[in-house]
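Visitor: File name structure.pdb; file contents PDB, C-alpha atoms; full text below.
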MODEL        1
ATOM      1  CA  MET A 805      61.079 121.793 134.076
ATOM      2  CA  SER A 806      63.516 124.722 134.311
ATOM      3  CA  THR A 807      67.137 124.505 133.258
ATOM      4  CA  GLU A 808      69.559 124.294 136.175
ATOM      5  CA  ILE A 809      72.803 126.258 135.912
ATOM      6  CA  SER A 810      75.880 125.443 137.981
ATOM      7  CA  VAL A 811      79.199 127.181 138.477
ATOM      8  CA  ALA A 812      82.213 125.082 139.513
ATOM      9  CA  MET A 813      85.105 126.944 141.132
ATOM     10  CA  ALA A 814      88.433 125.784 142.538
ATOM     11  CA  ALA A 815      89.817 128.135 145.185
ATOM     12  CA  TYR A 816      93.298 128.495 146.608
ATOM     13  CA  ASN A 817      94.670 131.582 148.348
ATOM     14  CA  GLY A 818      92.051 133.709 146.651
ATOM     15  CA  GLU A 819      91.189 136.219 149.374
ATOM     16  CA  LYS A 820      92.173 139.227 147.233
ATOM     17  CA  TYR A 821      89.826 138.724 144.314
ATOM     18  CA  ILE A 822      87.296 135.964 144.963
ATOM     19  CA  ILE A 823      84.489 138.171 146.344
ATOM     20  CA  ARG A 824      84.548 140.412 143.266
ATOM     21  CA  GLN A 825      84.251 137.300 141.130
ATOM     22  CA  LEU A 826      81.345 135.945 143.180
ATOM     23  CA  GLU A 827      79.558 139.287 142.922
ATOM     24  CA  SER A 828      79.857 139.226 139.135
ATOM     25  CA  ILE A 829      78.402 135.693 139.029
ATOM     26  CA  LEU A 830      75.485 136.565 141.290
ATOM     27  CA  ASP A 831      74.729 139.713 139.272
ATOM     28  CA  GLN A 832      74.016 137.861 136.008
ATOM     29  CA  THR A 833      71.041 138.717 133.796
ATOM     30  CA  ARG A 834      70.282 134.993 133.739
ATOM     31  CA  LYS A 835      70.628 133.689 137.270
ATOM     32  CA  VAL A 836      72.703 130.685 138.256
ATOM     33  CA  HIS A 837      71.239 128.107 140.629
ATOM     34  CA  GLU A 838      74.372 127.082 142.474
ATOM     35  CA  ILE A 839      78.028 127.974 142.905
ATOM     36  CA  VAL A 840      80.141 125.039 144.076
ATOM     37  CA  ILE A 841      83.482 126.067 145.580
ATOM     38  CA  PHE A 842      86.177 123.712 146.815
ATOM     39  CA  ASP A 843      89.046 125.349 148.650
ATOM     40  CA  ASP A 844      92.317 123.413 148.406
ATOM     41  CA  CYS A 845      93.624 124.139 151.927
ATOM     42  CA  SER A 846      94.370 127.840 151.410
ATOM     43  CA  THR A 847      96.992 129.371 153.682
ATOM     44  CA  ASP A 848      95.453 132.853 153.578
ATOM     45  CA  ASN A 849      92.004 134.062 154.698
ATOM     46  CA  THR A 850      90.035 132.636 151.756
ATOM     47  CA  LYS A 851      87.783 130.523 153.970
ATOM     48  CA  ALA A 852      86.969 133.347 156.372
ATOM     49  CA  VAL A 853      86.303 135.773 153.511
ATOM     50  CA  ILE A 854      83.896 133.383 151.760
ATOM     51  CA  ASP A 855      82.140 132.342 154.968
ATOM     52  CA  LYS A 856      81.533 135.990 155.826
ATOM     53  CA  PHE A 857      80.252 136.771 152.327
ATOM     54  CA  ILE A 858      77.811 133.844 152.405
ATOM     55  CA  CYS A 859      76.543 134.729 155.868
ATOM     56  CA  GLU A 860      76.124 138.467 155.289
ATOM     57  CA  ASN A 861      74.265 137.953 152.009
ATOM     58  CA  LYS A 862      72.262 134.870 153.076
ATOM     59  CA  LEU A 863      73.632 132.775 150.226
ATOM     60  CA  GLN A 864      73.602 129.388 151.943
ATOM     61  CA  ASP A 865      71.118 128.030 149.383
ATOM     62  CA  ILE A 866      73.208 129.149 146.400
ATOM     63  CA  ILE A 867      76.851 128.790 147.397
ATOM     64  CA  ASP A 868      78.051 125.331 148.378
ATOM     65  CA  PHE A 869      81.461 125.990 149.945
ATOM     66  CA  ARG A 870      83.770 123.223 151.139
ATOM     67  CA  VAL A 871      87.383 122.949 152.249
ATOM     68  CA  ASN A 872      89.429 119.860 151.358
ATOM     69  CA  ASP A 873      90.933 117.757 154.135
ATOM     70  CA  LYS A 874      94.259 117.830 152.293
ATOM     71  CA  ASN A 875      95.740 119.666 149.333
ATOM     72  CA  LEU A 876      94.729 117.896 146.118
ATOM     73  CA  GLY A 877      96.271 120.140 143.508
ATOM     74  CA  TYR A 878      94.569 122.300 140.906
ATOM     75  CA  ALA A 879      93.286 119.581 138.573
ATOM     76  CA  SER A 880      91.784 117.237 141.147
ATOM     77  CA  ASN A 881      90.317 120.088 143.180
ATOM     78  CA  PHE A 882      88.503 121.439 140.137
ATOM     79  CA  MET A 883      87.078 118.029 139.306
ATOM     80  CA  ARG A 884      85.702 117.729 142.840
ATOM     81  CA  ALA A 885      83.759 120.943 142.309
ATOM     82  CA  ILE A 886      82.455 119.791 138.921
ATOM     83  CA  ASP A 887      81.460 116.391 140.283
ATOM     84  CA  LYS A 888      79.541 117.990 143.145
ATOM     85  CA  SER A 889      77.556 120.293 140.848
ATOM     86  CA  ARG A 890      74.015 119.338 139.793
ATOM     87  CA  GLY A 891      73.129 121.661 136.910
ATOM     88  CA  ASP A 892      72.227 120.849 133.312
ATOM     89  CA  TYR A 893      75.051 123.212 132.362
ATOM     90  CA  ILE A 894      78.296 123.690 134.274
ATOM     91  CA  PHE A 895      80.397 126.832 133.974
ATOM     92  CA  PHE A 896      84.092 126.393 134.768
ATOM     93  CA  CYS A 897      85.172 129.341 136.879
ATOM     94  CA  ASP A 898      88.453 130.732 138.205
ATOM     95  CA  GLN A 899      88.521 132.618 141.485
ATOM     96  CA  ASP A 900      89.980 135.871 140.213
ATOM     97  CA  ASP A 901      88.168 136.918 137.030
ATOM     98  CA  ILE A 902      85.121 139.151 136.528
ATOM     99  CA  TRP A 903      82.179 137.968 134.426
ATOM    100  CA  THR A 904      80.311 140.318 132.135
ATOM    101  CA  GLU A 905      76.742 140.664 133.393
ATOM    102  CA  ASN A 906      75.241 138.761 130.434
ATOM    103  CA  ARG A 907      77.843 135.970 130.192
ATOM    104  CA  VAL A 908      75.485 133.213 131.331
ATOM    105  CA  GLU A 909      72.595 134.489 129.223
ATOM    106  CA  LYS A 910      74.650 134.721 126.036
ATOM    107  CA  MET A 911      76.549 131.451 126.361
ATOM    108  CA  LEU A 912      73.507 129.395 127.307
ATOM    109  CA  SER A 913      71.569 130.911 124.438
ATOM    110  CA  VAL A 914      74.243 129.555 122.099
ATOM    111  CA  MET A 915      74.194 126.147 123.815
ATOM    112  CA  GLU A 916      70.407 125.859 123.755
ATOM    113  CA  GLU A 917      70.182 126.837 120.090
ATOM    114  CA  ASN A 918      72.910 124.332 119.158
ATOM    115  CA  PRO A 919      72.280 120.965 120.863
ATOM    116  CA  LYS A 920      75.356 119.433 119.191
ATOM    117  CA  ILE A 921      77.635 121.558 121.381
ATOM    118  CA  GLY A 922      79.138 119.633 124.282
ATOM    119  CA  LEU A 923      81.704 122.241 125.298
ATOM    120  CA  LEU A 924      81.702 125.948 124.501
ATOM    121  CA  GLY A 925      84.599 128.345 125.105
ATOM    122  CA  SER A 926      84.625 132.098 124.608
ATOM    123  CA  GLU A 927      86.814 135.151 124.256
ATOM    124  CA  PHE A 928      87.889 137.305 127.183
ATOM    125  CA  LEU A 929      89.370 140.704 127.913
ATOM    126  CA  PRO A 930      92.701 140.489 129.777
ATOM    127  CA  PHE A 931      93.706 143.027 132.411
ATOM    128  CA  LYS A 932      96.698 143.170 134.758
ATOM    129  CA  SER A 933      96.507 143.335 138.544
ATOM    130  CA  SER A 934     100.247 143.171 139.211
ATOM    131  CA  ILE A 935     103.379 144.452 137.502
ATOM    132  CA  ASP A 936     104.873 140.970 137.161
ATOM    133  CA  ALA A 937     101.720 139.441 135.674
ATOM    134  CA  PRO A 938     102.248 137.022 132.769
ATOM    135  CA  LYS A 939     100.995 137.903 129.313
ATOM    136  CA  VAL A 940      98.305 136.106 127.365
ATOM    137  CA  PRO A 941      99.967 134.472 124.322
ATOM    138  CA  GLY A 942      99.742 136.605 121.216
ATOM    139  CA  TRP A 943      98.584 133.644 119.104
ATOM    140  CA  GLU A 944      95.518 133.306 121.315
ATOM    141  CA  LEU A 945      94.503 136.961 121.221
ATOM    142  CA  SER A 946      95.087 137.088 117.451
ATOM    143  CA  LYS A 947      92.194 134.646 116.962
ATOM    144  CA  PHE A 948      89.683 136.835 118.778
ATOM    145  CA  LYS A 949      87.011 138.552 116.681
ATOM    146  CA  ASN A 950      84.375 139.592 119.246
ATOM    147  CA  ASP A 951      81.745 139.475 116.520
ATOM    148  CA  GLY A 952      79.338 136.957 118.061
ATOM    149  CA  SER A 953      80.172 134.214 115.565
ATOM    150  CA  ILE A 954      80.299 130.535 116.544
ATOM    151  CA  GLU A 955      83.175 128.353 115.365
ATOM    152  CA  LYS A 956      83.265 124.561 115.309
ATOM    153  CA  LEU A 957      86.731 123.175 116.011
ATOM    154  CA  GLU A 958      87.860 120.479 113.602
ATOM    155  CA  PHE A 959      89.960 117.478 114.617
ATOM    156  CA  ASN A 960      93.504 118.224 113.446
ATOM    157  CA  SER A 961      97.022 118.615 114.816
ATOM    158  CA  GLU A 962      96.491 122.239 115.800
ATOM    159  CA  SER A 963      93.215 121.691 117.641
ATOM    160  CA  ILE A 964      94.542 118.723 119.616
ATOM    161  CA  PHE A 965      96.298 121.289 121.803
ATOM    162  CA  ILE A 966      93.899 123.179 124.072
ATOM    163  CA  GLY A 967      93.132 126.471 122.389
ATOM    164  CA  CYS A 968      91.208 128.528 124.923
ATOM    165  CA  GLN A 969      91.197 129.376 128.617
ATOM    166  CA  GLY A 970      89.355 126.928 130.852
ATOM    167  CA  CYS A 971      87.789 129.818 132.761
ATOM    168  CA  THR A 972      85.753 130.692 129.637
ATOM    169  CA  MET A 973      84.188 127.248 129.234
ATOM    170  CA  VAL A 974      80.697 125.891 129.829
ATOM    171  CA  ILE A 975      79.941 122.185 129.430
ATOM    172  CA  ARG A 976      76.680 120.335 128.960
ATOM    173  CA  ARG A 977      75.932 117.972 131.860
ATOM    174  CA  SER A 978      74.968 115.068 129.597
ATOM    175  CA  PHE A 979      78.280 115.342 127.759
ATOM    176  CA  PHE A 980      80.284 115.606 130.965
ATOM    177  CA  GLU A 981      78.706 112.408 132.259
ATOM    178  CA  GLU A 982      79.665 110.676 129.024
ATOM    179  CA  ILE A 983      83.339 111.617 129.282
ATOM    180  CA  ARG A 984      83.741 111.493 133.087
ATOM    181  CA  PRO A 985      84.903 107.824 133.228
ATOM    182  CA  PHE A 986      87.941 108.733 131.118
ATOM    183  CA  TRP A 987      89.319 111.330 133.514
ATOM    184  CA  TYR A 988      92.376 110.353 135.548
ATOM    185  CA  GLU A 989      93.879 111.951 138.638
ATOM    186  CA  GLY A 990      95.877 115.048 137.754
ATOM    187  CA  TRP A 991      94.453 115.666 134.257
ATOM    188  CA  ALA A 992      93.537 119.351 134.028
ATOM    189  CA  HIS A 993      89.750 119.632 133.772
ATOM    190  CA  ASP A 994      89.833 122.039 130.833
ATOM    191  CA  GLU A 995      92.274 120.042 128.698
ATOM    192  CA  PHE A 996      90.335 116.862 129.521
ATOM    193  CA  ALA A 997      87.042 118.370 128.409
ATOM    194  CA  TRP A 998      88.604 120.098 125.379
ATOM    195  CA  LYS A 999      90.249 116.988 123.926
ATOM    196  CA  LEU A1000      87.295 114.691 124.399
ATOM    197  CA  ALA A1001      84.807 117.247 123.070
ATOM    198  CA  LEU A1002      87.063 117.664 120.039
ATOM    199  CA  SER A1003      87.153 113.895 119.579
ATOM    200  CA  MET A1004      83.334 113.771 119.496
ATOM    201  CA  ASP A1005      82.873 116.817 117.222
ATOM    202  CA  LYS A1006      81.213 118.662 120.106
ATOM    203  CA  LEU A1007      83.787 121.416 120.615
ATOM    204  CA  PHE A1008      82.776 124.973 119.704
ATOM    205  CA  PHE A1009      84.086 128.476 120.322
ATOM    206  CA  TYR A1010      81.990 131.613 120.804
ATOM    207  CA  HIS A1011      83.692 134.727 119.451
ATOM    208  CA  GLU A1012      82.356 137.045 122.109
ATOM    209  CA  ILE A1013      84.022 138.574 125.180
ATOM    210  CA  THR A1014      82.179 137.138 128.185
ATOM    211  CA  LEU A1015      84.585 137.869 131.018
ATOM    212  CA  LYS A1016      87.513 139.976 132.137
ATOM    213  CA  ARG A1017      90.550 137.741 132.682
ATOM    214  CA  ARG A1018      92.606 138.970 135.608
ATOM    215  CA  LEU A1019      96.364 138.592 135.121
ATOM    216  CA  HIS A1020      98.648 138.531 138.145
ATOM    217  CA  SER A1021     101.805 136.825 139.388
ATOM    218  CA  ASP A1022      99.930 133.809 140.787
ATOM    219  CA  ASN A1023      98.090 132.758 137.599
ATOM    220  CA  VAL A1024      98.425 128.982 137.386
ATOM    221  CA  THR A1025      98.051 128.349 133.669
ATOM    222  CA  LEU A1026      99.919 131.211 132.000
ATOM    223  CA  HIS A1027     103.482 130.570 133.135
ATOM    224  CA  LYS A1028     105.814 128.956 130.615
ATOM    225  CA  GLU A1029     107.910 125.809 131.001
ATOM    226  CA  HIS A1030     111.397 127.259 130.471
ATOM    227  CA  LYS A1031     113.192 124.945 132.891
ATOM    228  CA  LYS A1032     114.132 121.384 131.967
ATOM    229  CA  GLU A1033     112.156 119.802 134.825
ATOM    230  CA  GLN A1034     109.066 121.873 133.997
ATOM    231  CA  ARG A1035     109.259 121.003 130.310
ATOM    232  CA  LEU A1036     109.653 117.290 131.032
ATOM    233  CA  LYS A1037     106.640 117.318 133.324
ATOM    234  CA  TYR A1038     104.616 119.127 130.669
ATOM    235  CA  LEU A1039     105.620 116.600 127.998
ATOM    236  CA  LYS A1040     104.921 113.557 130.171
ATOM    237  CA  ASP A1041     101.522 114.978 131.122
ATOM    238  CA  LEU A1042     100.883 115.718 127.451
ATOM    239  CA  LYS A1043     101.726 112.155 126.435
ATOM    240  CA  LYS A1044      99.406 110.720 129.076
ATOM    241  CA  SER A1045      96.540 112.938 127.937
ATOM    242  CA  HIS A1046      97.191 111.962 124.306
ATOM    243  CA  GLU A1047      97.074 108.281 125.272
ATOM    244  CA  MET A1048      93.754 108.635 127.083
ATOM    245  CA  THR A1049      92.316 110.652 124.192
ATOM    246  CA  LEU A1050      93.324 107.804 121.883
ATOM    247  CA  GLU A1051      91.520 105.281 124.079
ATOM    248  CA  PHE A1052      88.435 107.516 124.147
ATOM    249  CA  ILE A1053      88.401 107.765 120.353
ATOM    250  CA  LYS A1054      88.726 104.000 119.981
ATOM    251  CA  GLU A1055      85.780 103.420 122.303
ATOM    252  CA  LYS A1056      83.459 106.360 121.718
ATOM    253  CA  CYS A1057      84.123 107.903 118.318
ATOM    254  CA  HIS A1058      81.786 106.867 115.501
ATOM    255  CA  SER A1059      82.971 109.384 112.913
ATOM    256  CA  ASP A1060      83.774 108.397 109.342
ATOM    257  CA  THR A1061      87.261 109.744 110.070
ATOM    258  CA  LYS A1062      87.831 107.552 113.140
ATOM    259  CA  GLU A1063      90.849 105.766 111.638
ATOM    260  CA  TYR A1064      92.419 109.101 110.692
ATOM    261  CA  ARG A1065      91.952 110.330 114.266
ATOM    262  CA  ILE A1066      93.526 107.204 115.717
ATOM    263  CA  LYS A1067      96.476 107.520 113.340
ATOM    264  CA  LEU A1068      96.939 111.200 114.187
ATOM    265  CA  MET A1069      96.864 110.576 117.954
ATOM    266  CA  LYS A1070      99.452 107.801 117.590
ATOM    267  CA  ARG A1071     101.607 110.217 115.615
ATOM    268  CA  HIS A1072     101.382 112.800 118.394
ATOM    269  CA  ILE A1073     102.242 110.202 121.025
ATOM    270  CA  ARG A1074     105.314 109.143 119.050
ATOM    271  CA  ALA A1075     106.383 112.759 118.624
ATOM    272  CA  THR A1076     106.005 113.430 122.337
ATOM    273  CA  ASP A1077     108.117 110.351 123.120
ATOM    274  CA  LEU A1078     110.877 111.734 120.890
ATOM    275  CA  ARG A1079     110.727 115.099 122.652
ATOM    276  CA  ILE A1080     110.976 113.446 126.080
ATOM    277  CA  GLU A1081     113.952 111.334 124.965
ATOM    278  CA  LEU A1082     115.625 114.416 123.496
ATOM    279  CA  ILE A1083     115.614 116.256 126.818
ATOM    280  CA  GLU A1084     115.728 113.431 129.367
ATOM    281  CA  ASP A1085     118.207 111.128 127.612
ATOM    282  CA  LYS A1086     120.112 113.889 125.816
ATOM    283  CA  LYS A1087     119.514 112.616 122.289
ATOM    284  CA  PRO A1088     120.174 115.579 119.969
ATOM    285  CA  VAL A1089     119.553 113.324 116.980
ATOM    286  CA  ASN A1090     115.881 113.398 117.947
ATOM    287  CA  SER A1091     115.790 117.017 116.831
ATOM    288  CA  LEU A1092     116.418 115.785 113.296
ATOM    289  CA  LYS A1093     113.714 113.146 113.652
ATOM    290  CA  MET A1094     111.318 115.823 114.863
ATOM    291  CA  LEU A1095     111.624 117.594 111.525
ATOM    292  CA  PHE A1096     109.162 114.950 110.309
ATOM    293  CA  TYR A1097     106.777 115.805 113.161
ATOM    294  CA  THR A1098     106.649 119.587 113.085
ATOM    295  CA  ASP A1099     102.847 119.475 113.033
ATOM    296  CA  CYS A1100     102.989 117.838 116.483
ATOM    297  CA  TYR A1101     104.320 120.973 118.183
ATOM    298  CA  HIS A1102     101.925 123.512 119.596
ATOM    299  CA  LYS A1103     104.461 126.170 118.682
ATOM    300  CA  LYS A1104     107.440 125.684 116.329
ATOM    301  CA  ARG A1105     109.772 127.687 118.571
ATOM    302  CA  SER A1106     109.768 124.727 120.952
ATOM    303  CA  ILE A1107     112.079 122.879 118.541
ATOM    304  CA  PRO A1108     115.245 124.959 119.224
ATOM    305  CA  VAL A1109     114.259 125.520 122.863
ATOM    306  CA  GLU A1110     114.176 121.809 123.593
ATOM    307  CA  LEU A1111     117.403 121.158 121.670
ATOM    308  CA  ILE A1112     119.163 123.733 123.851
ATOM    309  CA  MET A1113     117.759 122.025 126.958
ATOM    310  CA  ALA A1114     119.202 118.709 125.776
ATOM    311  CA  LEU A1115     122.647 120.195 125.089
ATOM    312  CA  ARG A1116     123.004 121.979 128.434
TER     313      ARG A1116
ENDMDL
END
What is this structure when it is put down as structure tokens?
Guide:
Amino acid sequence: MSTEISVAMAAYNGEKYIIRQLESILDQTRKVHEIVIFDDCSTDNTKAVIDKFICENKLQDIIDFRVNDKNLGYASNFMRAIDKSRGDYIFFCDQDDIWTENRVEKMLSVMEENPKIGLLGSEFLPFKSSIDAPKVPGWELSKFKNDGSIEKLEFNSESIFIGCQGCTMVIRRSFFEEIRPFWYEGWAHDEFAWKLALSMDKLFFYHEITLKRRLHSDNVTLHKEHKKEQRLKYLKDLKKSHEMTLEFIKEKCHSDTKEYRIKLMKRHIRATDLRIELIEDKKPVNSLKMLFYTDCYHKKRSIPVELIMALR
């Protein structure tokens, strides 16, 4: 029985770049069996562009394209596409990147040779399509090696925070079905999969460039939370994801270090509560308390940034 390969894509106002992305997926050295696209009520010509592409290239048997009845938001729209897919492996896919021609072949080779992998991320090559495009964080690019090595991510304070782009990920169907009941509405698909794969020791990273990451002004995940309201939303979402990760560990983790993982997640939840109180309730004293939780920040520069937000 042959291995089925799915691609799950969330689309929204993607008329400029989505066809180039689809072409790169269809031109793989190891062919995919289906591309599931859910459009989240685009206001541009995304639907017409995709419909035309499917019709002209007779791709009705490969591309499953649907338009939502109402706007669901990025996270829920992506999960609809993943849920609808049928493959043994599911590639998460943004609408505006360009895959290298052997991306599927290389990443599935790694997955098939390493059955313990539940989720595999990879490196990418960034390129700008607009002057005002955001930059990829320097800390992320500094970890790239592009040497073909495979790294297992260990459960610690640093790895709890998602450490790679969702558009580079491929997930094993059997693992996705195991974690699916723990997803809640609004939880970003990539952070959801990252945290729960980490919790089960099934999170790996492939140090190989497998796609070109297009940077432009409309990138959803690369803009920073500099405003108070944005930061509070980020922190409240972070706390909720920490809490669900904790519940997952309690129920599903059988590691010898289970108690350590539970303790660490509770520590991160407490730290996030202090950060929310600092900004929302204007409690500058929490900045002093956070000196005992510096490992619970993704980046240490957030400490003075959030203190300034509280004092404004």
Visitor: Quick check, in Å to one decimal: how far apart do atom CA of A:Gln899 and atom CA of A:Tyr816 lie?
Guide: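 Between these atoms lies a distance of 8.1 Å.
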Visitor: Run the PyMOL selection byres ((chain A and resi 893) around 9) mentally over the shown coordinates, then write out the matched residues as a VMD selection string, using the chain letters and numbers from the document.
Guide: chain A and resid 807 to 811 890 to 892 894 to 895 912 974 to 978
Visitor: Specify as an NGL selection string each residue included when the PyMOL selection byres ((chain A and resi 926) around 7) is applied to this file.
Guide: :A and (924-925 or 927-928 or 972-973 or 1009-1014)
Visitor: Which residue, A:Lys1006, A:Lys1104, A:Arg1079, A:Arg834, has the smallest gap to A:Arg907 when you use all atoms listed in the file?
Guide: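 When distances to A:Arg907 are compared using all atoms listed in the file, the smallest one comes from A:Arg834.
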Visitor: Can you tell me how far atom CA of A:Glu917 sits from atom CA of A:Cys971, in Å to one decimal?
Guide: 21.9 Å
Visitor: Apply the PyMOL selection byres ((chain A and resi 853-863) around 12) to the file shown and report the selected residues as a PyMOL selection string.
Guide: chain A and resi 815-827+830+837-843+846+848-852+864-871+899
Visitor: Suppose you want the space between atom CA of A:Trp998 and atom CA of A:Ile966; what is it in Å?
Guide: 6.3 Å
Visitor: Please provide the set of residues having any atom within 12 Å of A:Thr1061, restricted to only C-alpha atoms, with same-chain residues fewer than 2 positions apart removed, written as a list of chain:residue names.
Guide: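 The contact residues come out as A:Glu958, A:Phe959, A:Asn960, A:Ser1003, A:Met1004, A:Asp1005, A:Ile1053, A:Lys1054, A:Cys1057, A:His1058, A:Ser1059, A:Glu1063, A:Tyr1064, A:Arg1065, A:Ile1066, A:Lys1067, A:Leu1068.
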Visitor: Counting only C-alpha atoms, which residue out of A:Ile921, A:Ala992, A:Leu1095, A:Cys897 sits closest to A:Ala879?
Guide: A:Ala992
Visitor: Kindly indicate which residue among A:Ile964, A:Leu923, A:Ala1114, A:Leu1000 lies nearest to A:His1102, using all atoms listed in the file for the distances.
Guide: A:Ile964
Visitor: Nearest residue to A:Ile935 out of A:Val914, A:Leu1042, A:Leu1019, A:Val1089, using all atoms listed in the file?
Guide: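 That would be A:Leu1019, the residue with the smallest distance to A:Ile935.
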